[in-house]
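Shown here: start_14.tsv, TSV, C-alpha atoms (C1' of nucleotides).
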```tsv
chain	number	residue	atom	x	y	z
A	498	MET	CA	-60.24	108.93	45.60
A	499	PRO	CA	-59.80	112.52	44.93
A	500	GLU	CA	-62.31	115.29	44.66
A	501	LEU	CA	-61.74	118.85	45.81
A	502	PRO	CA	-61.61	118.09	49.58
A	503	GLU	CA	-59.26	115.14	49.14
A	504	VAL	CA	-56.91	117.12	46.91
A	505	GLU	CA	-57.00	119.99	49.39
A	506	THR	CA	-56.20	117.55	52.19
A	507	ILE	CA	-53.22	116.17	50.30
A	508	ALA	CA	-51.96	119.65	49.43
A	509	ARG	CA	-52.04	120.67	53.08
A	510	ALA	CA	-50.40	117.42	54.16
A	511	ILE	CA	-47.40	117.53	51.84
A	512	GLU	CA	-46.80	121.28	51.87
A	513	PRO	CA	-44.61	121.47	54.96
A	514	ASP	CA	-42.53	118.50	53.78
A	515	ILE	CA	-41.67	119.81	50.34
A	516	VAL	CA	-41.64	123.61	50.27
A	517	GLY	CA	-38.07	124.87	50.30
A	518	ARG	CA	-36.67	121.59	49.04
A	519	THR	CA	-34.89	121.19	45.75
A	520	ILE	CA	-35.68	118.52	43.19
A	521	VAL	CA	-32.47	116.57	42.64
A	522	SER	CA	-33.77	114.11	40.08
A	523	ALA	CA	-36.89	112.52	38.66
A	524	GLU	CA	-37.68	108.91	37.95
A	525	VAL	CA	-40.49	108.22	35.50
A	526	LEU	CA	-41.84	104.69	35.83
A	527	TRP	CA	-44.88	105.03	33.56
A	528	ALA	CA	-44.23	107.42	30.71
A	529	ARG	CA	-47.87	108.19	29.97
A	530	THR	CA	-48.23	109.76	33.41
A	531	LEU	CA	-46.41	112.70	31.90
A	532	ALA	CA	-48.85	114.75	29.86
A	533	THR	CA	-46.13	117.20	28.96
A	534	PRO	CA	-43.26	117.53	28.18
A	535	SER	CA	-41.37	114.40	27.05
A	536	VAL	CA	-39.67	112.26	29.69
A	537	LYS	CA	-36.28	113.53	28.61
A	538	LYS	CA	-37.23	117.20	28.75
A	539	PHE	CA	-39.07	116.72	31.99
A	540	LYS	CA	-36.02	115.30	33.71
A	541	GLU	CA	-33.82	118.08	32.41
A	542	GLN	CA	-36.18	120.89	33.27
A	543	VAL	CA	-37.29	119.72	36.69
A	544	GLN	CA	-33.79	118.97	37.93
A	545	GLY	CA	-32.42	121.63	40.24
A	546	GLN	CA	-35.76	123.39	40.65
A	547	LYS	CA	-36.66	124.47	44.15
A	548	ILE	CA	-40.25	123.99	45.28
A	549	THR	CA	-41.52	127.38	46.35
A	550	GLY	CA	-45.17	126.68	47.06
A	551	VAL	CA	-48.07	124.23	47.00
A	552	SER	CA	-51.62	125.06	46.07
A	553	ARG	CA	-54.77	123.61	44.56
A	554	ARG	CA	-57.06	124.63	41.72
A	555	ALA	CA	-60.12	122.42	41.21
A	556	LYS	CA	-58.75	118.87	41.47
A	557	TYR	CA	-55.27	119.88	40.35
A	558	LEU	CA	-52.39	120.05	42.79
A	559	ILE	CA	-49.95	122.78	41.88
A	560	LEU	CA	-46.33	122.65	42.90
A	561	GLN	CA	-44.81	126.01	42.25
A	562	LEU	CA	-41.20	125.72	41.14
A	563	GLU	CA	-38.73	128.49	40.50
A	564	ASP	CA	-39.23	128.46	36.72
A	565	TYR	CA	-42.24	126.20	36.18
A	566	ASN	CA	-45.47	124.92	37.60
A	567	LEU	CA	-45.85	121.21	38.18
A	568	LEU	CA	-49.54	120.32	37.84
A	569	ILE	CA	-50.71	116.98	39.17
A	570	HIS	CA	-54.12	115.44	38.55
A	571	LEU	CA	-54.83	112.33	40.61
A	572	ARG	CA	-57.84	111.20	38.57
A	573	MET	CA	-59.32	107.98	39.99
A	574	SER	CA	-56.59	106.32	42.01
A	575	GLY	CA	-53.66	108.70	42.29
A	576	ASP	CA	-51.98	109.58	45.55
A	577	LEU	CA	-48.93	111.52	46.68
A	578	THR	CA	-46.72	110.46	49.52
A	579	ILE	CA	-43.53	111.63	51.13
A	580	ARG	CA	-40.86	109.04	51.84
A	581	LYS	CA	-37.78	109.70	53.91
A	582	GLY	CA	-34.34	108.77	52.68
A	583	LYS	CA	-33.45	106.93	49.50
A	584	ILE	CA	-35.67	103.94	48.81
A	585	LYS	CA	-36.86	101.73	45.98
A	586	PRO	CA	-40.10	102.64	44.24
A	587	GLU	CA	-43.19	100.87	45.49
A	588	LYS	CA	-45.75	98.99	43.49
A	589	HIS	CA	-47.77	101.35	41.29
A	590	ASP	CA	-45.38	104.26	41.70
A	591	ARG	CA	-45.51	106.15	38.39
A	592	LEU	CA	-43.21	109.09	39.03
A	593	VAL	CA	-40.83	109.79	41.89
A	594	LEU	CA	-39.08	113.07	42.61
A	595	SER	CA	-35.98	112.96	44.78
A	596	LEU	CA	-35.72	116.00	47.01
A	597	ARG	CA	-32.97	117.53	49.07
A	598	SER	CA	-33.39	120.04	51.86
A	599	LYS	CA	-31.01	122.88	52.69
A	600	ASN	CA	-29.26	120.77	55.31
A	601	GLY	CA	-28.83	117.88	52.90
A	602	LYS	CA	-31.65	115.61	54.08
A	603	GLU	CA	-32.99	113.35	51.33
A	604	SER	CA	-36.63	112.52	50.75
A	605	GLN	CA	-38.91	111.56	47.92
A	606	LEU	CA	-42.24	112.71	46.63
A	607	ALA	CA	-43.91	109.68	45.05
A	608	PHE	CA	-46.87	109.73	42.71
A	609	ASN	CA	-48.55	106.36	43.12
A	610	ASP	CA	-51.46	105.54	40.83
A	611	THR	CA	-52.85	102.02	40.47
A	612	ARG	CA	-55.07	102.69	37.51
A	613	LYS	CA	-52.62	104.89	35.57
A	614	PHE	CA	-55.24	107.55	34.80
A	615	GLY	CA	-53.39	110.30	36.66
A	616	ARG	CA	-51.49	112.97	34.73
A	617	ILE	CA	-48.66	115.38	35.43
A	618	TRP	CA	-47.75	118.53	33.49
A	619	LEU	CA	-44.58	120.59	33.78
A	620	THR	CA	-45.21	123.95	32.21
A	621	ASP	CA	-44.51	127.66	32.40
A	622	GLN	CA	-47.99	128.30	31.03
A	623	PRO	CA	-50.35	126.74	33.59
A	624	GLU	CA	-53.23	128.83	32.30
A	625	THR	CA	-53.41	126.77	29.14
A	626	ILE	CA	-54.47	123.86	31.34
A	627	LEU	CA	-56.29	125.59	34.17
A	628	GLY	CA	-57.86	128.36	32.13
A	629	LYS	CA	-60.96	126.46	31.05
A	630	LEU	CA	-62.07	125.54	34.55
A	631	GLY	CA	-65.22	126.94	36.11
A	632	PRO	CA	-65.13	128.88	39.38
A	633	GLU	CA	-63.96	127.50	42.71
A	634	PRO	CA	-67.08	126.70	44.73
A	635	LEU	CA	-65.53	128.00	47.94
A	636	GLU	CA	-64.50	131.34	46.53
A	637	LYS	CA	-66.48	134.50	46.33
A	638	LYS	CA	-67.34	134.41	42.64
A	639	PHE	CA	-69.52	131.38	43.37
A	640	THR	CA	-72.83	132.65	44.75
A	641	ALA	CA	-76.48	131.62	44.64
A	642	GLN	CA	-77.01	134.30	42.02
A	643	TRP	CA	-74.15	133.07	39.86
A	644	LEU	CA	-75.40	129.51	40.11
A	645	PHE	CA	-78.98	130.42	39.24
A	646	GLU	CA	-77.93	132.44	36.21
A	647	ASN	CA	-75.54	129.84	34.91
A	648	LEU	CA	-77.87	126.88	35.45
A	649	HIS	CA	-80.33	128.73	33.26
A	650	LYS	CA	-77.81	129.25	30.47
A	651	LYS	CA	-77.92	125.47	29.93
A	652	LYS	CA	-80.50	122.79	29.61
A	653	ARG	CA	-78.69	119.85	31.08
A	654	GLN	CA	-79.21	117.15	33.66
A	655	LEU	CA	-78.12	118.56	37.00
A	656	LYS	CA	-75.63	115.92	38.00
A	657	PRO	CA	-73.57	115.76	34.80
A	658	LEU	CA	-73.54	119.55	34.75
A	659	LEU	CA	-72.22	119.76	38.31
A	660	LEU	CA	-69.56	117.20	37.39
A	661	ASP	CA	-68.53	119.28	34.39
A	662	GLN	CA	-65.32	120.99	35.51
A	663	THR	CA	-65.71	123.78	33.00
A	664	PHE	CA	-69.01	124.67	34.67
A	665	LEU	CA	-67.93	124.40	38.29
A	666	ALA	CA	-64.55	123.14	39.48
A	667	GLY	CA	-63.96	120.47	42.07
A	668	LEU	CA	-67.08	118.39	42.53
A	669	GLY	CA	-66.85	114.66	41.84
A	670	ASN	CA	-69.19	111.73	42.11
A	671	ILE	CA	-69.41	111.57	45.89
A	672	TYR	CA	-69.88	115.23	46.72
A	673	THR	CA	-72.32	115.75	43.86
A	674	ASP	CA	-74.63	113.03	45.18
A	675	GLU	CA	-74.30	114.43	48.69
A	676	CYS	CA	-75.05	118.01	47.78
A	677	LEU	CA	-78.00	117.14	45.52
A	678	HIS	CA	-79.50	115.21	48.40
A	679	MET	CA	-78.93	118.09	50.81
A	680	ALA	CA	-80.61	120.46	48.37
A	681	LYS	CA	-83.46	117.98	47.75
A	682	LEU	CA	-82.86	117.96	44.01
A	683	HIS	CA	-82.98	114.99	41.66
A	684	PRO	CA	-79.79	114.37	39.65
A	685	LEU	CA	-81.81	114.10	36.44
A	686	GLY	CA	-83.60	117.40	36.99
A	687	LEU	CA	-82.95	119.94	34.26
A	688	SER	CA	-80.70	122.86	35.05
A	689	ASN	CA	-82.94	125.51	33.54
A	690	ALA	CA	-85.96	124.32	35.56
A	691	ILE	CA	-84.35	125.23	38.90
A	692	SER	CA	-85.98	128.04	40.87
A	693	ARG	CA	-84.04	130.81	42.59
A	694	LYS	CA	-84.82	129.24	45.90
A	695	GLN	CA	-83.55	125.84	44.74
A	696	ALA	CA	-80.39	127.40	43.34
A	697	GLY	CA	-79.84	129.02	46.72
A	698	ALA	CA	-80.26	125.71	48.49
A	699	LEU	CA	-77.91	124.03	46.03
A	700	SER	CA	-75.18	126.63	46.40
A	701	GLU	CA	-75.40	126.30	50.18
A	702	ALA	CA	-75.30	122.51	49.90
A	703	ILE	CA	-72.27	122.51	47.61
A	704	GLN	CA	-70.32	124.72	49.96
A	705	SER	CA	-71.34	122.88	53.07
A	706	ALA	CA	-70.61	119.41	51.65
A	707	LEU	CA	-67.16	120.51	50.47
A	708	LYS	CA	-66.35	122.27	53.73
A	709	GLU	CA	-67.43	119.26	55.72
A	710	GLY	CA	-65.27	117.07	53.51
A	711	ILE	CA	-62.25	119.29	54.09
A	712	ARG	CA	-62.92	119.49	57.81
A	713	ARG	CA	-62.93	115.70	58.00
A	714	ASN	CA	-59.76	115.44	55.86
A	715	GLY	CA	-61.64	114.01	52.90
A	716	ALA	CA	-63.13	110.59	52.34
A	717	SER	CA	-60.93	107.51	52.50
A	718	ILE	CA	-62.30	104.45	50.79
A	719	ASP	CA	-60.88	101.21	49.55
A	720	TRP	CA	-57.14	100.88	49.61
A	721	VAL	CA	-56.41	104.57	49.79
A	722	TYR	CA	-56.27	105.71	53.36
A	723	ARG	CA	-55.25	109.15	54.47
A	724	GLY	CA	-57.02	109.31	57.76
A	725	GLY	CA	-60.03	111.02	56.17
A	726	GLU	CA	-63.32	110.49	57.96
A	727	TYR	CA	-65.93	111.90	55.62
A	728	GLN	CA	-66.88	108.42	54.41
A	729	ASN	CA	-68.47	107.86	57.82
A	730	TYR	CA	-70.89	110.70	57.23
A	731	PHE	CA	-72.23	109.94	53.74
A	732	ARG	CA	-75.93	110.68	53.50
A	733	VAL	CA	-76.58	108.81	50.26
A	734	TYR	CA	-73.31	107.90	48.51
A	735	ASP	CA	-72.65	104.14	48.64
A	736	ARG	CA	-75.74	103.68	50.82
A	737	GLU	CA	-78.09	101.88	48.42
A	738	GLY	CA	-80.86	100.12	50.35
A	739	LYS	CA	-80.08	101.94	53.59
A	740	PRO	CA	-82.37	104.52	55.17
A	741	CYS	CA	-82.28	108.17	54.19
A	742	PRO	CA	-80.96	110.09	57.21
A	743	VAL	CA	-83.67	112.69	56.70
A	744	CYS	CA	-86.85	110.69	56.08
A	745	GLY	CA	-85.92	107.01	56.47
A	746	ALA	CA	-86.90	105.99	52.93
A	747	GLU	CA	-84.64	103.49	51.19
A	748	ILE	CA	-81.77	105.03	49.23
A	749	GLN	CA	-81.89	104.01	45.58
A	750	LYS	CA	-79.05	103.65	43.12
A	751	LEU	CA	-79.32	104.60	39.48
A	752	ILE	CA	-76.94	105.43	36.66
A	753	VAL	CA	-76.68	109.02	35.49
A	754	GLY	CA	-74.14	110.04	32.89
A	755	GLN	CA	-72.51	106.62	33.26
A	756	ARG	CA	-71.89	107.22	36.97
A	757	GLY	CA	-73.39	105.37	39.91
A	758	THR	CA	-75.81	107.80	41.51
A	759	HIS	CA	-77.55	107.66	44.87
A	760	VAL	CA	-80.83	109.33	45.72
A	761	CYS	CA	-83.57	109.36	48.29
A	762	PRO	CA	-86.73	108.87	46.22
A	763	LYS	CA	-88.80	110.73	48.78
A	764	CYS	CA	-86.54	113.73	49.45
A	765	GLN	CA	-85.46	114.10	45.81
A	766	PRO	CA	-88.51	113.59	43.63
A	767	LEU	CA	-88.09	113.93	39.88
A	768	GLU	CA	-90.74	116.17	38.43
A	769	ARG	CA	-91.58	114.78	35.03
A	770	LYS	CA	-89.13	115.12	32.15
B	56	DC	C1'	-76.08	122.12	22.29
B	57	DC	C1'	-77.11	117.72	24.73
B	58	DT	C1'	-76.74	112.69	25.79
B	59	DG	C1'	-74.80	108.33	25.95
B	60	DA	C1'	-71.12	105.13	24.92
B	61	DA	C1'	-66.45	103.92	24.83
B	62	DA	C1'	-61.72	104.38	26.02
B	63	DC	C1'	-57.90	104.84	29.19
B	64	DC	C1'	-56.11	101.03	33.49
B	65	DT	C1'	-55.81	97.72	37.63
B	66	DG	C1'	-57.85	95.58	41.48
B	67	DT	C1'	-61.70	93.83	44.17
B	68	DC	C1'	-65.93	91.85	44.88
B	69	DT	C1'	-70.10	89.01	43.56
B	70	DG	C1'	-72.48	85.35	41.68
B	71	DC	C1'	-72.64	80.99	39.39
C	12	DT	C1'	-61.87	77.09	44.02
C	13	DG	C1'	-62.28	79.21	39.52
C	14	DC	C1'	-63.80	82.36	36.45
C	15	DA	C1'	-66.62	85.85	34.05
C	16	DG	C1'	-68.58	90.13	34.75
C	17	DA	C1'	-69.58	94.32	37.14
C	18	DC	C1'	-67.82	98.11	39.28
C	19	DA	C1'	-64.61	101.86	41.29
C	20	DG	C1'	-63.37	108.73	43.67
C	21	DG	C1'	-62.10	111.20	36.50
C	22	DT	C1'	-61.72	112.97	32.00
C	23	DT	C1'	-61.62	112.94	26.91
C	24	DT	C1'	-63.41	111.84	22.52
C	25	DC	C1'	-66.77	110.52	19.36
C	26	DA	C1'	-71.43	109.33	17.38
C	27	DG	C1'	-76.17	110.46	16.97
```
Could you quickly redo this structure as structure tokens?
Amino acid sequence: MPELPEVETIARAIEPDIVGRTIVSAEVLWARTLATPSVKKFKEQVQGQKITGVSRRAKYLILQLEDYNLLIHLRMSGDLTIRKGKIKPEKHDRLVLSLRSKNGKESQLAFNDTRKFGRIWLTDQPETILGKLGPEPLEKKFTAQWLFENLHKKKRQLKPLLLDQTFLAGLGNIYTDECLHMAKLHPLGLSNAISRKQAGALSEAIQSALKEGIRRNGASIDWVYRGGEYQNYFRVYDREGKPCPVCGAEIQKLIVGQRGTHVCPKCQPLERK
DNA sequence: CCTGAAACCTGTCTGC
DNA sequence: TGCAGACAGGTTTCAG
């Protein structure tokens, strides 16, 4: 499910329900969910910590605790939900934090992750994990100029490069297809062949696709539903065989960097190779 | 440096 | 109906 707009949506949704609460205990139902530290240390260290803030960097959710940061990466199928009271874990719950508010109300923050790819880190050195990420596409460091210069430092296929979180942070398979279509660029185009004008169009497209995703509370597909609506506005993603909203040509599906990739053959021509 | 393949997992859908 | 195979929003690691 989660790319930048979905993670942002979840961060905003859970923030009011968890900030100010104290973690009473932790239940770890799938040990490998914990990237660091060990289950034993995790339980000891997290217990008694008050949650002081919630934020997002790239696709990581960050729960700020008094003495640590709790980093959560949802990967393919992870989700976070708040449950009131004391209840049994649900199917596919991998880690559950029991919380208590000032007035003694109990609730739980559950990390549910069907495919078990998600990871959680408890650390006082978040930079060791977040430090290698590229810029946030919605922050001021990310400009048309920055994008042009950095695309030209590499000679890589556009789509895999945009998916590379050390290059730019937050895009995933859906939003990359959408923004390449908006910018009329082919996913297999080479990064160093992009003109200034194309880089400008791409930077605009990236920001507008992500902002639209956030505005619509992300995309909800399959079994994960958060009330997001962006899936109803896909231009190319998951629309193989359907008409391009711009020119009416049939959307084609191909594989790029092992990922299903959707393009309009007319709007996004591939110039040679 | 760049690309592609495989691995990590479970569930759903498609085609025979 | 059953079953094999493909595929799914992400990332890491390895081979060439």
Quiz item: Could you write out as a ChimeraX atom specification the residues of chain A within 6 Å of chain B, counting all atoms listed in the file?
Solution: /A:611-613
Quiz prompt | atom CA of A:Cys744 to atom CA of A:Ala680, distance in Å rounded to a single decimal | solution = 13.9 Å
Exercise. Define the interface residues of chain C facing chain A as those within 10 Å, counting all atoms listed in the file, and report them as an MDAnalysis selection string.
Key: chainID C and resid 18:22
Self-check item: Gap from atom CA of A:Thr506 to atom CA of A:Cys741 - Å, one decimal
Solution: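 Going from atom CA of A:Thr506 over to atom CA of A:Cys741 covers 27.8 Å.
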Quiz item: Can you tell me how far atom CA of A:Ala555 sits from atom CA of A:Cys761, in Å to one decimal?
Solution: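 Answer for the atom CA of A:Ala555 to atom CA of A:Cys761 separation: 27.8 Å.
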Adding 6 Å on each side of the box along x, y and z that holds all listed atoms of stretch 548-558 of chain A, could you give its centre and edge lengths in Å to one decimal, as AutoDock Vina command-line options?
```
--center_x -50.2 --center_y 123.1 --center_z 43.7 --size_x 31.9 --size_y 20.5 --size_z 18.7
```
Can you pull out every residue within 9 Å of stretch 747-754 of chain A, counting only C-alpha atoms (C1' of nucleotides), but drop anything in the same chain fewer than 5 positions away, and send it as a compact mmCIF listing (two decimals) with C-alpha atoms (C1' of nucleotides), in the frame of the given file?
```
# COMPACT_ATOMS: atom_id res chain seq x y z
CA GLN A 654 -79.21 117.15 33.66
CA LYS A 656 -75.63 115.92 38.00
CA PRO A 657 -73.57 115.76 34.80
CA PRO A 684 -79.79 114.37 39.65
CA LEU A 685 -81.81 114.10 36.44
CA VAL A 733 -76.58 108.81 50.26
CA TYR A 734 -73.31 107.90 48.51
CA ASP A 735 -72.65 104.14 48.64
CA ARG A 736 -75.74 103.68 50.82
CA GLU A 737 -78.09 101.88 48.42
CA GLY A 738 -80.86 100.12 50.35
CA LYS A 739 -80.08 101.94 53.59
CA PRO A 740 -82.37 104.52 55.17
CA CYS A 741 -82.28 108.17 54.19
CA HIS A 759 -77.55 107.66 44.87
CA VAL A 760 -80.83 109.33 45.72
CA CYS A 761 -83.57 109.36 48.29
CA PRO A 762 -86.73 108.87 46.22
CA LYS A 763 -88.80 110.73 48.78
C1' DT B 58 -76.74 112.69 25.79
C1' DG B 59 -74.80 108.33 25.95
```
